[in-house]
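K.L.:
Sharing a structure below in structure tokens format, with a few things to ask.
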There are 2 protein chains.
Amino acid sequence: MGKETTIYDIAKELKLSPATVSRALNDHPAITLKTKSLITTKAKELGYRSNKFASNLRRQKTNTIGVIVPRLNSYLMSTVLAGMEKVANEAGYNLIISQSLESQKKEIVNARTMFDGRVDALLVSVAYDTDSYEHFEAFINKKIPLVFFDRVIEQFDCTSIVIDNVKGGYEATRHLIDEGCRRIMHVTGSLKRNVYADRLRGYRLALAENGIAFEEDWLVVTDLSPEAGRKMAKKIQQLRPGFDGLFVANDSCAVSCMGALKQAGISVPGDLAVVGFNDDPLAEVIEPQLTTVHYPGKEMGEIAMQTLINHLNGSLNMHPADLIVLRSELIVRQSSRKSQAQGTL
Amino acid sequence: MGKETTIYDIAKELKLSPATVSRALNDHPAITLKTKSLITTKAKELGYRSNKFASNLRRQKTNTIGVIVPRLNSYLMSTVLAGMEKVANEAGYNLIISQSLESQKKEIVNARTMFDGRVDALLVSVAYDTDSYEHFEAFINKKIPLVFFDRVIEQFDCTSIVIDNVKGGYEATRHLIDEGCRRIMHVTGSLKRNVYADRLRGYRLALAENGIAFEEDWLVVTDLSPEAGRKMAKKIQQLRPGFDGLFVANDSCAVSCMGALKQAGISVPGDLAVVGFNDDPLAEVIEPQLTTVHYPGKEMGEIAMQTLINHLNGSLNMHPADLIVLRSELIVRQSSRKSQAQGTL
DNA sequence: AAAATATGTGCAATCGGTTTCATTGCAAAA
DNA sequence: TTTTGCAATGAAACCGATTGCACATATTTT
């Protein structure tokens with residue numbers, strides 16, 4: 001609680017005005033080099049540190065960027081955040097991170113908090129069940145830059161950073177078909193979310209393109225949790241030998257499903273070829289290794305943040321309706337290699 | 001950029017003073033219920049939101065808690081952070097999160113930023129190579145609550161939240177011995193860090209207790225990355241059949257090591273029993289499933305944050321030298337079941 | 001009925017930088 | 001020598017909420 005030194009203290013000691021001190025510390029061109037060095041030296045001597053509140057209050061700027069994610073503790077999201085933090089930190093911005101825990105209600109509260117906290121910009125990946133978007137309007141109205149990533153919404157003309165989920169879904173399915181699958185189940189998340197809706201679109205596109213008629217009960221909407229994966233395994237077991245392919249929209253669900261299938265004596269890929277999504281480290285560890293779509297999480301975080309910061313610094317005009325699509329690609333591993341694995345069982 | 005409404009606007013409209021408005025909005029007891037509801041109604045009508053800068057400036061409090069972690073994108077850390085965020089959010093605190101990327105240099109910069117940002121408190125898990133601690137002294141001097149978790153330092157009389165790493169290391173090693181191992185390699189991280197030093201201590205304790213002489217070259221210090229795990233596998237292969245047990249201080253390293261061992265034709269646990277640490281989801285997925293020490297990450301985050309907030313709110317005196325130790329326990333899975341697995345090979 | 005005590009509001013200072021608009025001093029131009 | 005121009009610095013008004021103290025009513029006590 002020792003009293004902080006302020007620019008007034010520095011000014012008094014040097015018999016200068018606080019205005020000059022402020023300018024010197026901000027490297028204002030109108031101040032002599034000599035005066036500047038005098039002031040910075042004294043500042044160091046007194047252990048001065050700028051009071052951000054005062055500065056923020058005056059300049060109406062926080063140097064803080066808000067991020068709302070569904071959850072912090074998922075491989076994908078923590079990777080994206082790591083990328084964001086790195087870029088933001090280097091650019092001198094602070095990150096306020098909060099998680100919606102997949103609930104719209106909490107997302108609304110978080111958005112409000114960010115708004116009241118006067119963040120300079122907001123980055124959002126929306127929750128599982130979000131279906132109204134008024135809580136973001138305040139940002140639009142106040143022209144606070146708002147960027148969506150991964151799980152985006154088209155409601156507003158905001159910059160969005162995504163991967164090509166249609167392509168990802170298409171390639172995953174197409175690959176299964178190429179491996180000889182004809183009856184491919186698709187396990188996914190809420191179709192309100194672009195990521196899942198688009199992957200489904202890709203899936204259906206691949207089916208159609210190969211003359212396979214899609215049936216409603218090939219599609220299962222779940223919360224994509226590991227438990228959901230285990231439940232799916234049970235279901236698949238009962239329907240046997242209904243399906244020969246399985247495309248799950250998320251690796252952790254796919255992996256737990258594979259584990260349960262294995263226990264049930266169903267062979268992957270022999271009986272059922274499996275493809276996941278995201279390229280979670282789990283995918284490389286499970287046996288057989290999981291074919292999946294690589295998701296460039298860190299790059300997404302870095303690019304989203306960089307784009308935003310460029311915009312905040314005025315070096316780049318973020319056109320309202322910008323869409324940035326990152327490359328993702330299918331990583332083929334053993335879980336889908338039906339053609340080579342026939343002998344396994 | 002529309003002009004914000006302030007308490008002055010509300011005051012003017014209602015012909016009251018800003019002081020009254022401020023008090024009403026803060027639920028001050030000296031204001032009539034009638035006046036209060038009048039004011040809150042008008043505030044809502046005008047879309048008022050408090051200006052935190054002004055408030056912070058006046059009250060010298062940010063309602064923000066800083067967190068510095070080695071990295072955001074590790075299972076353990078993202079889980080801890082998820083716990084912290086949850087509690088902080090519920091208590092109305094914001095979290096500023098930054099990562100040191102295991103570098104002391106960045107940790108110093110981050111600490112400085114947190115300090116200048118006037119966080120109300122700071123939570124830290126120190127970087128891999130940190131070996132001087134002056135960057136935290138500023139917090140001590142200014143009596144800003146400083147709490148270490150997981151990777152703690154004894155330098156300061158700060159509250160620390162840890163698990164009993166000695167016990168964890170002891171139980172892991174003891175278990176290997178019970179399973180019949182006599183030559184147990186220990187792969188760990190920097191011994192500057194309590195977590196690794198203590199696990200090593202537990203390891204040696206277990207060896208000593210069972211009359212096994214520890215040899216220097218049983219101990220390998222690495223960065224515990226997956227690559228390190230793969231390298232270890234190669235080394236083990238060369239030394240064969242030097243070791244019959246392996247205790248790795250972290251699951252992701254243990255898992256990648258197991259994968260490489262498997263490829264090299266070394267059977268786990270038949271040839272080599274393996275135990276990891278942390279209970280990463282990977283541990284349950286690898287085959288054989290990895291015996292490991294469960295680490296209550298979410299609880300650690302929640303408890304660290306709750307303790308801190310209680311202290312900030314004055315409801316709990318955090319004695320300077322408080323140490324909170326969370327329970328962790330060995331989870332026995334197949335990777336260490338030597339006694340039952342003899343037949344495998 | 002007068003005095004003492006509550007009760008509800010307002011005044012004005014304060015928090016610490018930032019910034020506009022002078023002002024001062026000195027050198028170059030007339 | 002006087003004027004003009006510019007460079008460096010200062011004075012003071014912000015930014016918006018908080019809060020100690022004063023003050024005016026309203027209520028209770030004597």
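Just remember, in the structure tokens the first chain shown is A, the second B, etc., residues are 1-based per chain, and ligands are 1-based in the order shown.
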Within 12 Å of Ser336 of chain B, counting only C-alpha atoms (C1' of nucleotides), which residues qualify if same-chain residues fewer than 5 places away don't, as an MDAnalysis selection string?

P.N.:
chainID B and resid 172:181 184 244:247 258 267:276 287:292 330:331 341:342

K.L.:
Using only C-alpha atoms (C1' of nucleotides), which protein or nucleic acid residues come within 7 Å of Pro226 of chain B? Drop anything in the same chain fewer than 2 positions from it, and give the result as a PyMOL selection string.

P.N.:
chain B and resi 224+228-230+252-253+256

K.L.:
Pull N, CA, C and O atoms from the residues just selected and write them as a compact mmCIF listing (two decimals), in the first residue's frame.

P.N.:
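selection.txt, written as the output of this step:
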```txt
# COMPACT_ATOMS: atom_id res chain seq x y z
N LEU B 224 10.28 -33.40 -21.04
CA LEU B 224 9.02 -34.13 -20.92
C LEU B 224 8.09 -33.95 -22.12
O LEU B 224 6.88 -34.17 -22.01
N ALA B 228 10.77 -36.08 -26.41
CA ALA B 228 11.64 -36.64 -25.38
C ALA B 228 11.24 -38.08 -25.10
O ALA B 228 12.09 -38.95 -24.90
N GLY B 229 9.93 -38.32 -25.12
CA GLY B 229 9.45 -39.67 -24.88
C GLY B 229 9.95 -40.63 -25.95
O GLY B 229 10.38 -41.75 -25.66
N ARG B 230 9.89 -40.18 -27.17
CA ARG B 230 10.34 -41.05 -28.26
C ARG B 230 11.85 -41.32 -28.16
O ARG B 230 12.32 -42.44 -28.39
N SER B 252 1.95 -37.29 -21.19
CA SER B 252 2.07 -37.16 -22.65
C SER B 252 3.44 -37.66 -23.09
O SER B 252 3.58 -38.25 -24.17
N CYS B 253 4.43 -37.48 -22.25
CA CYS B 253 5.75 -38.02 -22.55
C CYS B 253 5.73 -39.54 -22.43
O CYS B 253 6.26 -40.26 -23.29
N SER B 256 3.92 -41.12 -25.49
CA SER B 256 4.66 -41.16 -26.75
C SER B 256 5.81 -42.14 -26.64
O SER B 256 6.18 -42.80 -27.61
```

K.L.:
Select residues of chain A: the criterion is any atom within 6 Å of an atom of chain B, counting only C-alpha atoms; output as a PyMOL selection string.

P.N.:
chain A and resi 1+53-54+57+72-73+78-79+82+95-96+142+282+285-286

K.L.:
Next, dump the selected residues to file, keeping only N, CA and C atoms, as a short mmCIF file (atom, residue, chain, number, x, y, z; two decimals), in the first residue's frame.

P.N.:
```
data_model
loop_
_atom_site.label_atom_id
_atom_site.label_comp_id
_atom_site.auth_asym_id
_atom_site.auth_seq_id
_atom_site.Cartn_x
_atom_site.Cartn_y
_atom_site.Cartn_z
N MET A 1 0.82 -1.21 0.00
CA MET A 1 0.00 0.00 0.00
C MET A 1 0.85 1.26 0.00
N PHE A 53 -5.69 2.98 -15.28
CA PHE A 53 -7.08 3.42 -15.13
C PHE A 53 -7.21 4.85 -15.62
N ALA A 54 -6.33 5.64 -15.09
CA ALA A 54 -6.38 7.05 -15.44
C ALA A 54 -6.22 7.21 -16.95
N LEU A 57 -9.22 5.86 -18.72
CA LEU A 57 -10.37 6.74 -18.50
C LEU A 57 -10.30 7.90 -19.48
N LEU A 72 -12.58 -23.85 -21.99
CA LEU A 72 -11.13 -23.66 -22.01
C LEU A 72 -10.40 -24.97 -22.14
N ASN A 73 -10.95 -25.99 -21.52
CA ASN A 73 -10.20 -27.24 -21.43
C ASN A 73 -10.58 -28.24 -22.52
N SER A 78 -7.92 -24.78 -26.28
CA SER A 78 -6.74 -24.30 -25.57
C SER A 78 -5.62 -24.01 -26.56
N THR A 79 -5.63 -24.72 -27.67
CA THR A 79 -4.62 -24.47 -28.69
C THR A 79 -4.88 -23.14 -29.39
N ALA A 82 -3.94 -20.43 -27.06
CA ALA A 82 -2.50 -20.27 -26.95
C ALA A 82 -2.00 -19.40 -28.10
N LEU A 95 -5.45 -10.17 -22.60
CA LEU A 95 -6.58 -11.01 -22.97
C LEU A 95 -7.44 -11.28 -21.75
N ILE A 96 -8.73 -11.03 -21.89
CA ILE A 96 -9.65 -11.48 -20.85
C ILE A 96 -10.41 -12.65 -21.43
N LYS A 142 -21.99 -0.20 -30.92
CA LYS A 142 -20.92 0.68 -30.44
C LYS A 142 -19.70 0.57 -31.34
N LEU A 282 -5.14 -37.41 -29.10
CA LEU A 282 -5.72 -38.73 -28.86
C LEU A 282 -5.74 -39.57 -30.13
N VAL A 285 -2.90 -41.75 -30.69
CA VAL A 285 -2.56 -42.68 -29.62
C VAL A 285 -3.45 -43.90 -29.64
N ILE A 286 -4.69 -43.70 -30.02
CA ILE A 286 -5.61 -44.83 -30.02
C ILE A 286 -5.17 -45.84 -31.06
#
```

K.L.:
For chain D, work out the contacting residues on chain A at 8 Å, counting only C-alpha atoms (C1' of nucleotides), and write them as a count of residues only.

P.N.:
9

K.L.:
Please identify every residue of chain C that has at least one atom no more than 7 Å from any atom of chain A, counting only C-alpha atoms (C1' of nucleotides), and report them as a list in words.

P.N.:
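Taking only C-alpha atoms (C1' of nucleotides) into account, DG16, DG17 and DT18 of chain C sit within 7 Å of chain A.
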
K.L.:
What's the separation between atom CA of Lys231 of chain B and atom CA of Arg199 of chain B, in Å to one decimal place?

P.N.:
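Spanning atom CA of Lys231 of chain B to atom CA of Arg199 of chain B is a straight-line distance of 21.3 Å.
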